[in-house]
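File shown here: structure-v5.txt, holding compact mmCIF, C-alpha atoms and all ligand atoms.
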# COMPACT_ATOMS: atom_id res chain seq x y z
CA MET A 1 0.00 0.00 0.00
CA LEU A 2 1.35 3.42 -0.96
CA THR A 3 1.90 6.06 1.69
CA ALA A 4 1.80 9.85 1.25
CA LYS A 5 5.62 9.89 1.00
CA ASP A 6 5.45 7.72 -2.13
CA PHE A 7 3.90 10.68 -3.94
CA ILE A 8 6.87 12.98 -3.35
CA PRO A 9 8.75 12.71 -6.65
CA ALA A 10 12.43 12.16 -7.31
CA ALA A 11 14.24 14.41 -9.84
CA TYR A 12 12.49 14.73 -13.20
CA SER A 13 14.01 13.41 -16.43
CA GLN A 14 12.58 16.14 -18.69
CA THR A 15 12.43 19.93 -18.77
CA ILE A 16 9.53 21.87 -20.28
CA GLU A 17 9.44 25.63 -20.97
CA SER A 18 5.76 26.22 -21.56
CA GLY A 19 2.54 24.65 -22.70
CA GLU A 20 -1.08 24.09 -21.77
CA TYR A 21 -3.59 21.36 -20.95
CA GLN A 22 -7.33 21.29 -20.64
CA TRP A 23 -9.32 18.78 -18.58
CA SER A 24 -12.92 18.38 -17.64
CA ALA A 25 -13.90 16.73 -14.36
CA PRO A 26 -17.41 15.91 -13.19
CA SER A 27 -19.13 16.42 -9.89
CA ASN A 28 -20.01 13.38 -7.79
CA ILE A 29 -22.80 12.47 -5.42
CA ALA A 30 -21.98 10.56 -2.24
CA LEU A 31 -24.12 7.59 -1.22
CA VAL A 32 -22.24 7.04 2.04
CA LYS A 33 -21.27 10.54 3.15
CA TYR A 34 -17.91 11.98 4.13
CA TRP A 35 -18.50 14.31 7.08
CA GLY A 36 -15.66 14.82 9.54
CA LYS A 37 -11.93 14.80 8.88
CA LYS A 38 -8.51 14.59 10.47
CA ASP A 39 -5.42 16.63 9.56
CA ASN A 40 -4.35 16.78 5.91
CA GLN A 41 -7.81 16.05 4.60
CA ILE A 42 -7.82 12.50 5.91
CA PRO A 43 -11.46 11.42 6.19
CA ALA A 44 -12.89 10.33 9.54
CA ASN A 45 -14.85 7.61 7.73
CA PRO A 46 -14.89 6.01 4.29
CA SER A 47 -17.38 7.21 1.67
CA VAL A 48 -18.63 6.02 -1.71
CA SER A 49 -20.09 8.02 -4.57
CA PHE A 50 -21.51 7.90 -8.05
CA THR A 51 -19.42 9.99 -10.41
CA LEU A 52 -21.71 12.29 -12.42
CA SER A 53 -21.53 13.11 -16.09
CA ASN A 54 -23.13 16.42 -17.10
CA CYS A 55 -22.31 18.60 -14.10
CA LYS A 56 -18.65 19.32 -14.62
CA THR A 57 -15.86 21.87 -14.55
CA ILE A 58 -13.65 22.52 -17.57
CA THR A 59 -10.26 23.96 -16.68
CA LYS A 60 -7.42 25.08 -18.89
CA LEU A 61 -3.95 25.36 -17.36
CA ALA A 62 -1.32 27.34 -19.27
CA PHE A 63 2.21 27.40 -17.88
CA ALA A 64 5.48 29.15 -18.68
CA LYS A 65 8.85 29.03 -16.91
CA LYS A 66 9.64 32.20 -14.94
CA GLU A 67 12.82 33.86 -13.60
CA ASN A 68 11.89 34.22 -9.95
CA LYS A 69 11.48 30.80 -8.36
CA ASP A 70 10.81 32.01 -4.81
CA SER A 71 7.06 32.18 -4.85
CA LEU A 72 3.91 30.75 -6.40
CA SER A 73 2.52 32.81 -9.25
CA PHE A 74 -0.78 32.40 -11.07
CA ASP A 75 -3.68 34.23 -12.69
CA LEU A 76 -7.17 32.95 -12.21
CA LEU A 77 -9.92 33.37 -14.79
CA PHE A 78 -13.53 32.29 -14.46
CA GLU A 79 -15.26 32.00 -17.84
CA GLY A 80 -12.40 34.01 -19.31
CA GLN A 81 -12.63 36.92 -16.84
CA PRO A 82 -10.25 37.56 -13.90
CA LYS A 83 -11.80 36.29 -10.67
CA GLU A 84 -9.96 37.63 -7.65
CA ASP A 85 -12.25 36.11 -5.00
CA PHE A 86 -11.38 32.55 -6.09
CA LYS A 87 -7.64 33.19 -5.72
CA PRO A 88 -7.12 32.61 -1.97
CA LYS A 89 -8.60 29.11 -2.20
CA ILE A 90 -6.32 28.23 -5.13
CA GLN A 91 -3.30 29.80 -3.39
CA LYS A 92 -3.94 27.59 -0.35
CA PHE A 93 -4.37 24.54 -2.58
CA LEU A 94 -1.06 25.19 -4.36
CA GLU A 95 0.73 25.67 -1.04
CA ARG A 96 -0.65 22.34 0.18
CA ILE A 97 0.33 20.36 -2.91
CA GLU A 98 3.75 21.94 -3.44
CA VAL A 99 5.52 19.20 -1.49
CA TYR A 100 4.13 16.71 -4.04
CA LEU A 101 4.76 18.95 -7.08
CA PRO A 102 8.11 20.65 -6.39
CA PHE A 103 8.11 22.35 -9.80
CA LEU A 104 5.21 24.67 -8.97
CA LYS A 105 7.36 27.73 -8.17
CA GLU A 106 9.25 27.40 -11.46
CA TYR A 107 6.23 28.35 -13.55
CA HIS A 108 3.70 31.11 -13.89
CA PHE A 109 0.27 29.52 -14.35
CA THR A 110 -2.88 30.81 -15.98
CA ILE A 111 -5.90 28.89 -14.78
CA ASP A 112 -9.07 29.40 -16.81
CA THR A 113 -12.10 27.60 -15.48
CA GLN A 114 -15.81 27.26 -16.24
CA ASN A 115 -18.69 25.09 -15.08
CA THR A 116 -21.40 23.45 -17.16
CA PHE A 117 -23.95 24.10 -14.41
CA PRO A 118 -25.28 27.52 -13.43
CA HIS A 119 -22.84 29.45 -11.25
CA SER A 120 -25.04 30.15 -8.24
CA SER A 121 -27.10 26.95 -8.43
CA GLY A 122 -26.03 25.75 -5.02
CA ILE A 123 -24.29 22.83 -6.73
CA ALA A 124 -20.85 22.70 -5.17
CA SER A 125 -18.19 23.27 -7.81
CA SER A 126 -15.32 22.47 -5.44
CA ALA A 127 -15.29 18.73 -6.22
CA SER A 128 -15.30 19.09 -10.01
CA GLY A 129 -13.14 22.23 -9.88
CA MET A 130 -10.37 20.80 -7.71
CA ALA A 131 -10.42 17.53 -9.67
CA ALA A 132 -10.08 19.34 -13.03
CA LEU A 133 -7.19 21.42 -11.70
CA ALA A 134 -5.45 18.38 -10.23
CA MET A 135 -5.71 16.56 -13.59
CA ASN A 136 -3.93 19.46 -15.31
CA PHE A 137 -1.09 19.49 -12.78
CA ILE A 138 -0.61 15.74 -12.97
CA SER A 139 -0.46 16.03 -16.79
CA LEU A 140 2.38 18.50 -16.43
CA GLU A 141 4.15 16.19 -13.98
CA LYS A 142 3.69 13.27 -16.36
CA ALA A 143 5.38 15.35 -19.10
CA LEU A 144 8.31 15.98 -16.74
CA ASN A 145 8.40 12.29 -15.83
CA PRO A 146 7.15 10.27 -18.82
CA ALA A 147 7.94 7.01 -17.01
CA MET A 148 4.97 7.59 -14.68
CA THR A 149 2.52 4.69 -14.81
CA ASP A 150 -1.16 5.14 -15.53
CA ALA A 151 -2.10 3.79 -12.11
CA TYR A 152 0.18 6.28 -10.34
CA PHE A 153 -1.11 9.10 -12.59
CA TYR A 154 -4.71 8.61 -11.42
CA GLN A 155 -3.85 7.85 -7.80
CA LYS A 156 -1.77 10.98 -7.50
CA ALA A 157 -4.34 13.09 -9.37
CA SER A 158 -6.92 11.98 -6.82
CA LEU A 159 -4.55 12.60 -3.91
CA LEU A 160 -3.91 16.15 -5.16
CA ALA A 161 -7.64 16.75 -5.66
CA ARG A 162 -8.27 15.53 -2.10
CA LEU A 163 -5.95 18.23 -0.78
CA GLY A 164 -8.10 20.83 -2.58
CA SER A 165 -11.45 19.50 -1.39
CA GLY A 166 -11.90 16.07 0.18
CA SER A 167 -14.80 14.94 -1.96
CA ALA A 168 -12.93 16.05 -5.11
CA CYS A 169 -10.77 12.93 -4.90
CA ARG A 170 -13.86 10.94 -5.92
CA SER A 171 -14.27 12.96 -9.18
CA VAL A 172 -11.19 11.74 -11.01
CA LYS A 173 -12.51 8.31 -11.99
CA GLY A 174 -15.91 6.71 -12.61
CA GLN A 175 -18.37 5.24 -12.04
CA VAL A 176 -18.52 4.22 -8.40
CA VAL A 177 -15.63 5.50 -6.29
CA VAL A 178 -14.61 4.62 -2.74
CA TRP A 179 -12.49 6.96 -0.66
CA GLY A 180 -11.27 5.94 2.77
CA LYS A 181 -9.88 2.73 4.19
CA GLN A 182 -12.50 -0.01 4.45
CA ALA A 183 -11.32 -3.44 5.60
CA ASN A 184 -12.96 -5.58 2.92
CA ILE A 185 -12.65 -3.25 -0.08
CA GLU A 186 -9.39 -4.02 -1.76
CA GLY A 187 -7.13 -1.06 -2.48
CA SER A 188 -9.29 1.40 -0.51
CA THR A 189 -7.26 4.09 1.21
CA ASP A 190 -7.62 7.41 3.00
CA LEU A 191 -5.14 8.95 0.55
CA TYR A 192 -7.13 8.86 -2.70
CA GLY A 193 -10.31 7.57 -4.30
CA VAL A 194 -10.36 4.19 -6.07
CA GLU A 195 -12.84 2.69 -8.48
CA PHE A 196 -15.11 0.30 -6.59
CA PRO A 197 -13.27 -2.95 -7.29
CA ASN A 198 -16.10 -5.51 -6.95
CA GLU A 199 -19.08 -6.58 -8.98
CA ILE A 200 -21.82 -4.04 -9.74
CA HIS A 201 -25.27 -5.28 -10.76
CA ALA A 202 -26.82 -4.13 -14.06
CA ASN A 203 -29.55 -2.29 -12.09
CA PHE A 204 -26.96 0.42 -11.39
CA LYS A 205 -25.90 0.84 -15.02
CA ASN A 206 -26.63 4.40 -16.19
CA TYR A 207 -28.19 5.23 -12.83
CA GLN A 208 -29.94 8.60 -13.07
CA ASP A 209 -29.55 11.67 -10.83
CA THR A 210 -31.92 14.57 -11.37
CA ILE A 211 -30.82 17.50 -9.23
CA LEU A 212 -33.67 19.68 -8.01
CA LEU A 213 -32.48 23.22 -7.35
CA VAL A 214 -34.35 24.19 -4.20
CA ASP A 215 -32.18 26.99 -2.94
CA LYS A 216 -29.39 28.70 -4.79
CA GLY A 217 -28.40 30.97 -1.93
CA GLU A 218 -24.99 31.05 -0.33
CA LYS A 219 -24.51 28.23 2.14
CA GLN A 220 -24.88 29.33 5.77
CA VAL A 221 -22.07 27.01 6.76
CA SER A 222 -19.01 26.04 4.73
CA SER A 223 -18.14 22.35 4.59
CA THR A 224 -14.84 23.20 6.32
CA VAL A 225 -16.75 24.44 9.36
CA GLY A 226 -19.13 21.47 9.12
CA HIS A 227 -16.31 18.92 9.11
CA ASP A 228 -14.73 20.71 12.10
CA LEU A 229 -17.93 20.43 14.08
CA MET A 230 -17.55 16.64 14.02
CA HIS A 231 -14.67 17.07 16.50
CA ASN A 232 -16.28 16.77 19.93
CA HIS A 233 -19.62 15.95 18.31
CA PRO A 234 -21.63 13.81 20.76
CA TYR A 235 -22.53 11.24 18.08
CA ALA A 236 -19.25 11.25 16.13
CA SER A 237 -17.93 7.82 17.00
CA SER A 238 -21.20 6.00 16.35
CA ARG A 239 -21.66 7.93 13.12
CA PHE A 240 -18.18 6.94 11.87
CA ALA A 241 -18.86 3.29 12.78
CA GLN A 242 -22.21 3.46 10.98
CA ALA A 243 -20.54 4.71 7.78
CA HIS A 244 -18.36 1.58 7.75
CA GLU A 245 -21.45 -0.60 8.24
CA ASN A 246 -23.37 1.18 5.51
CA LEU A 247 -20.49 0.87 3.08
CA ASP A 248 -20.32 -2.84 3.87
CA ALA A 249 -24.04 -3.17 3.22
CA LEU A 250 -23.72 -1.25 -0.06
CA LYS A 251 -20.95 -3.56 -1.20
CA ALA A 252 -23.41 -6.47 -1.00
CA ILE A 253 -26.21 -4.38 -2.55
CA PHE A 254 -24.06 -3.38 -5.54
CA LYS A 255 -23.62 -7.09 -6.18
CA SER A 256 -27.22 -8.21 -5.64
CA GLY A 257 -28.91 -5.20 -7.27
CA ASP A 258 -31.40 -5.02 -4.36
CA LEU A 259 -32.90 -1.56 -4.95
CA ASP A 260 -35.08 -1.55 -1.83
CA ALA A 261 -32.04 -2.10 0.33
CA PHE A 262 -30.11 0.52 -1.70
CA ILE A 263 -32.82 3.10 -1.06
CA LYS A 264 -32.80 2.47 2.70
CA ILE A 265 -29.05 3.02 3.00
CA VAL A 266 -28.92 6.03 0.68
CA GLU A 267 -31.81 7.94 2.26
CA SER A 268 -30.64 7.11 5.77
CA GLU A 269 -27.16 8.44 4.91
CA ALA A 270 -28.60 11.71 3.60
CA LEU A 271 -30.71 12.25 6.69
CA THR A 272 -27.85 11.25 8.98
CA LEU A 273 -25.59 13.85 7.35
CA HIS A 274 -28.18 16.52 8.11
CA ALA A 275 -28.83 15.07 11.56
CA MET A 276 -25.12 15.56 12.33
CA MET A 277 -25.47 19.22 11.38
CA MET A 278 -28.59 19.64 13.48
CA THR A 279 -26.93 18.08 16.53
CA SER A 280 -23.57 19.86 16.41
CA MET A 281 -22.76 22.90 18.55
CA PRO A 282 -23.41 25.35 17.02
CA TYR A 283 -26.29 23.56 15.26
CA PHE A 284 -27.73 24.44 11.89
CA ILE A 285 -30.34 23.40 9.36
CA LEU A 286 -29.49 23.42 5.67
CA MET A 287 -32.74 21.88 4.45
CA LYS A 288 -35.50 24.27 3.40
CA PRO A 289 -39.26 23.72 3.67
CA ASN A 290 -39.30 22.68 -0.01
CA THR A 291 -36.58 20.07 0.65
CA LEU A 292 -38.99 18.35 3.05
CA GLN A 293 -41.93 18.77 0.66
CA ILE A 294 -39.91 17.02 -2.05
CA ILE A 295 -38.85 14.19 0.26
CA ASN A 296 -42.45 13.55 1.35
CA THR A 297 -43.71 13.68 -2.23
CA ILE A 298 -41.05 11.17 -3.32
CA TRP A 299 -42.05 8.83 -0.47
CA LYS A 300 -45.72 9.06 -1.40
CA PHE A 301 -45.00 8.42 -5.09
CA ARG A 302 -42.77 5.46 -4.27
CA ASN A 303 -45.41 3.95 -1.99
CA GLU A 304 -48.12 4.32 -4.57
CA THR A 305 -46.21 3.18 -7.65
CA GLN A 306 -43.48 0.89 -6.24
CA ILE A 307 -41.07 2.72 -8.59
CA PRO A 308 -37.62 2.58 -6.91
CA VAL A 309 -36.88 6.29 -6.81
CA CYS A 310 -35.12 7.83 -3.82
CA PHE A 311 -33.37 11.00 -2.73
CA THR A 312 -30.05 12.05 -1.34
CA LEU A 313 -28.76 15.42 -0.15
CA ASP A 314 -25.48 17.28 -0.13
CA ALA A 315 -24.59 19.84 2.48
CA GLY A 316 -27.37 22.08 1.18
CA ALA A 317 -31.08 22.30 0.38
CA ASN A 318 -31.00 20.83 -3.13
CA VAL A 319 -32.33 17.31 -3.62
CA HIS A 320 -30.69 14.64 -5.78
CA VAL A 321 -33.36 12.28 -7.12
CA LEU A 322 -31.79 8.88 -7.84
CA TYR A 323 -33.39 6.14 -9.95
CA PRO A 324 -32.52 3.33 -12.36
CA GLU A 325 -32.49 4.03 -16.08
CA ASN A 326 -35.51 1.85 -16.91
CA VAL A 327 -37.94 4.13 -15.01
CA THR A 328 -36.56 7.41 -16.40
CA GLU A 329 -39.64 8.37 -18.36
CA LYS A 330 -42.03 7.82 -15.46
CA VAL A 331 -39.82 9.59 -12.94
CA LEU A 332 -39.25 12.61 -15.20
CA GLN A 333 -43.00 12.89 -15.67
CA PHE A 334 -43.45 12.71 -11.88
CA ILE A 335 -40.80 15.41 -11.41
CA LYS A 336 -42.54 17.68 -13.94
CA ASP A 337 -45.99 17.04 -12.46
CA GLU A 338 -45.24 17.11 -8.76
CA LEU A 339 -41.76 18.39 -7.89
CA VAL A 340 -40.90 21.26 -10.24
CA GLY A 341 -43.13 23.59 -8.23
CA TYR A 342 -40.79 23.20 -5.23
CA CYS A 343 -37.69 24.18 -7.28
CA GLN A 344 -36.39 27.73 -7.44
CA ASN A 345 -37.57 29.11 -10.79
CA GLY A 346 -38.63 25.56 -11.67
CA GLN A 347 -34.99 24.61 -12.24
CA TYR A 348 -33.57 21.09 -12.23
CA ILE A 349 -30.62 19.37 -13.92
CA CYS A 350 -30.71 15.89 -15.42
CA ASP A 351 -27.53 13.95 -14.83
CA GLU A 352 -26.43 10.35 -14.64
CA ILE A 353 -23.54 8.18 -13.55
CA GLY A 354 -20.36 8.89 -15.55
CA ASN A 355 -16.75 7.94 -16.16
CA GLY A 356 -14.62 10.64 -14.57
CA ALA A 357 -12.16 13.25 -15.83
CA ILE A 358 -11.39 13.67 -19.53
CA LEU A 359 -8.42 15.30 -21.30
CA LEU A 360 -9.82 17.72 -23.90
O1 LIG B 1 -15.34 18.00 -0.06
P1 LIG B 1 -15.95 18.81 1.02
O2 LIG B 1 -14.97 19.14 2.10
O3 LIG B 1 -16.66 20.03 0.48
O4 LIG B 1 -17.07 17.91 1.79
C1 LIG B 1 -18.28 17.59 1.17
C2 LIG B 1 -19.01 16.61 2.00
C3 LIG B 1 -20.39 16.20 1.48
O5 LIG B 1 -20.63 16.65 0.16
C4 LIG B 1 -21.47 16.77 2.37
C5 LIG B 1 -20.51 14.67 1.53
C6 LIG B 1 -19.67 13.94 0.53
O6 LIG B 1 -19.19 12.86 0.87
O7 LIG B 1 -19.53 14.42 -0.63
Is it possible to give me this structure as structure tokens?
Amino acid sequence: MLTAKDFIPAAYSQTIESGEYQWSAPSNIALVKYWGKKDNQIPANPSVSFTLSNCKTITKLAFAKKENKDSLSFDLLFEGQPKEDFKPKIQKFLERIEVYLPFLKEYHFTIDTQNTFPHSSGIASSASGMAALAMNFISLEKALNPAMTDAYFYQKASLLARLGSGSACRSVKGQVVVWGKQANIEGSTDLYGVEFPNEIHANFKNYQDTILLVDKGEKQVSSTVGHDLMHNHPYASSRFAQAHENLDALKAIFKSGDLDAFIKIVESEALTLHAMMMTSMPYFILMKPNTLQIINTIWKFRNETQIPVCFTLDAGANVHVLYPENVTEKVLQFIKDELVGYCQNGQYICDEIGNGAILL
């Protein structure tokens, strides 16, 4: 098993003056949630997610050697325009990953980034954004060290993404990604996300995620603060143990294709995530009245039709509606008939399980 030290490179065989790359990376939706961390973005419990397909960030990284090698230097553009308020987060990210990418101070970088989803939709862009940026940096490192293996390339890309935003490490690969050490999942590690290595039933092929935009407002609580509140949280240790149990259960469910069991784990995880927020000190509620309306309407519809549709939540008010591909038509009709009214400006985004980052 690799340790963090294995990702600190030896001297490079090549030199490169300038160039550019462009990568897209998707968002992901956790089924077992990551909430709580230790130092260096090490998760307090393992998590598993579906990689998405349509909700993604596209980032171009241009680089050119510079004279002064004493400090980090970069320009940041969002949709082609300078974006000063994103810079501190990127600065911090670069400082964190410099030990793994010792060439960073040798170049001036121009980072140009855009999302395929609306800017203030309440869909977190940190997972896709940090993953897309990490892919670009690992491409540059691969050019400096062409002997790098494909396995190392993706492991290190995910490790770098993790240091930007924990959940970003699950956006490098598809379609089901595990992050965090879990005893009976081979290759799983706290350092980076890995593709779920075991059998996955055909029921989960092209699984659908329709994201209902309930509230596009700024989050009241950043995920950094939320993770911190799991220190000294009265339910922390049982929550972390439960995540291991739920991941174990999901491993069997992925194999059997048991959608009823899948729904129970996924909805319970979403509500547990929010329960942790409601029972921290300070406490907070990120769900809105319409979040609850949607959940109740989904439950009623599922009871009446036996269609295996369920919900999950991020650290926000939006609802991810998850369902297998073969009921897409019926569920979309249900969403249009009964759920759109609870969405801000009637907005929702149709997405599905996808394959991870792509070099453009
Ligand atoms: O990656 P972060 O630090 O923004 O944490 C996100 C955590 C959740 O989205 C709430 C859950 C998860 O596992 O993605």
Pairwise distance for CA of Val319 (chain A) and CA of Leu212 (chain A), rounded to one decimal in Å: 5.2 Å
Near-region 234-237 of chain A list (12 Å; all atoms listed in the file; drop same-chain fewer than 3 positions) as a ChimeraX atom specification: /A:35-37,44-45,227-231,240-244,272-273,275-281
Interatomic distance (Å, one decimal) between CA of Asp150 (chain A) and CA of Thr51 (chain A): 19.6 Å
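Proximity ranking of A:Ile16, A:Val177, A:Val214, A:Cys310 relative to Pro146 (chain A) places A:Ile16 first, based on all atoms listed in the file.
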Residues within 9 Å of ligand LIG 1 (chain B), counting all atoms listed in the file, as number ranges by chain: A: 28-37, 41, 46-49, 124, 126-127, 162, 164-170, 222-224, 226-227, 270, 273-274, 313-316
Which of A:Met1, A:Ala131, A:Ile185, A:Ala161 sits closest to Ala357 (chain A) [using all atoms listed in the file]: A:Ala131
Residue contacts of region 112-117 of chain A (12 Å, only C-alpha atoms) excluding same-chain residues fewer than 3 positions away, as a ChimeraX atom specification: /A:20-27,53-63,74-83,86-87,90,109,120-133,136,211,213,216,347-351
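Residue nearest Gly187 (chain A) within the list A:Gly356, A:Gln175, A:Phe262, A:Ala151: A:Ala151 [criterion: smallest interatomic distance, all atoms listed in the file].
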Between CA of Ile265 (chain A) and CA of Asn246 (chain A) - distance in Å to one decimal: 6.5 Å
Within 12 Å of Asn184 (chain A) using all atoms listed in the file, minus same-chain residues under 5 positions, as a ChimeraX atom specification: /A:46,178,189,196-198,244-245,247-252
Shell of 12 Å around Leu332 (chain A), only C-alpha atoms, local chain residues under 4 positions omitted, as a ChimeraX atom specification: /A:208-212,309,321-328,336-340,348-351
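The shortest atom-to-atom distance to Lys264 (chain A), with all atoms listed in the file taken into account, belongs to A:Thr312 out of A:Asn318, A:Gln333, A:Val172, A:Thr312.
The shortest atom-to-atom distance to Ala64 (chain A), with all atoms listed in the file taken into account, belongs to A:Leu140 out of A:Ile358, A:Leu140, A:Ile307, A:Ala202.
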Minimum-distance residue to Asn345 (chain A), chosen among A:Asp215, A:Ile97, A:Ser188, A:His119 (using all atoms listed in the file): A:Asp215
Ref. answer, residues at most 9 Å from (-23.2, -3.5, -9.0) with all atoms listed in the file, as a list in words: Asn198, Glu199, Ile200, His201, Ala202, Asn203, Phe204, Lys205, Lys251, Ala252, Ile253, Phe254, Lys255, Ser256 and Gly257 of chain A
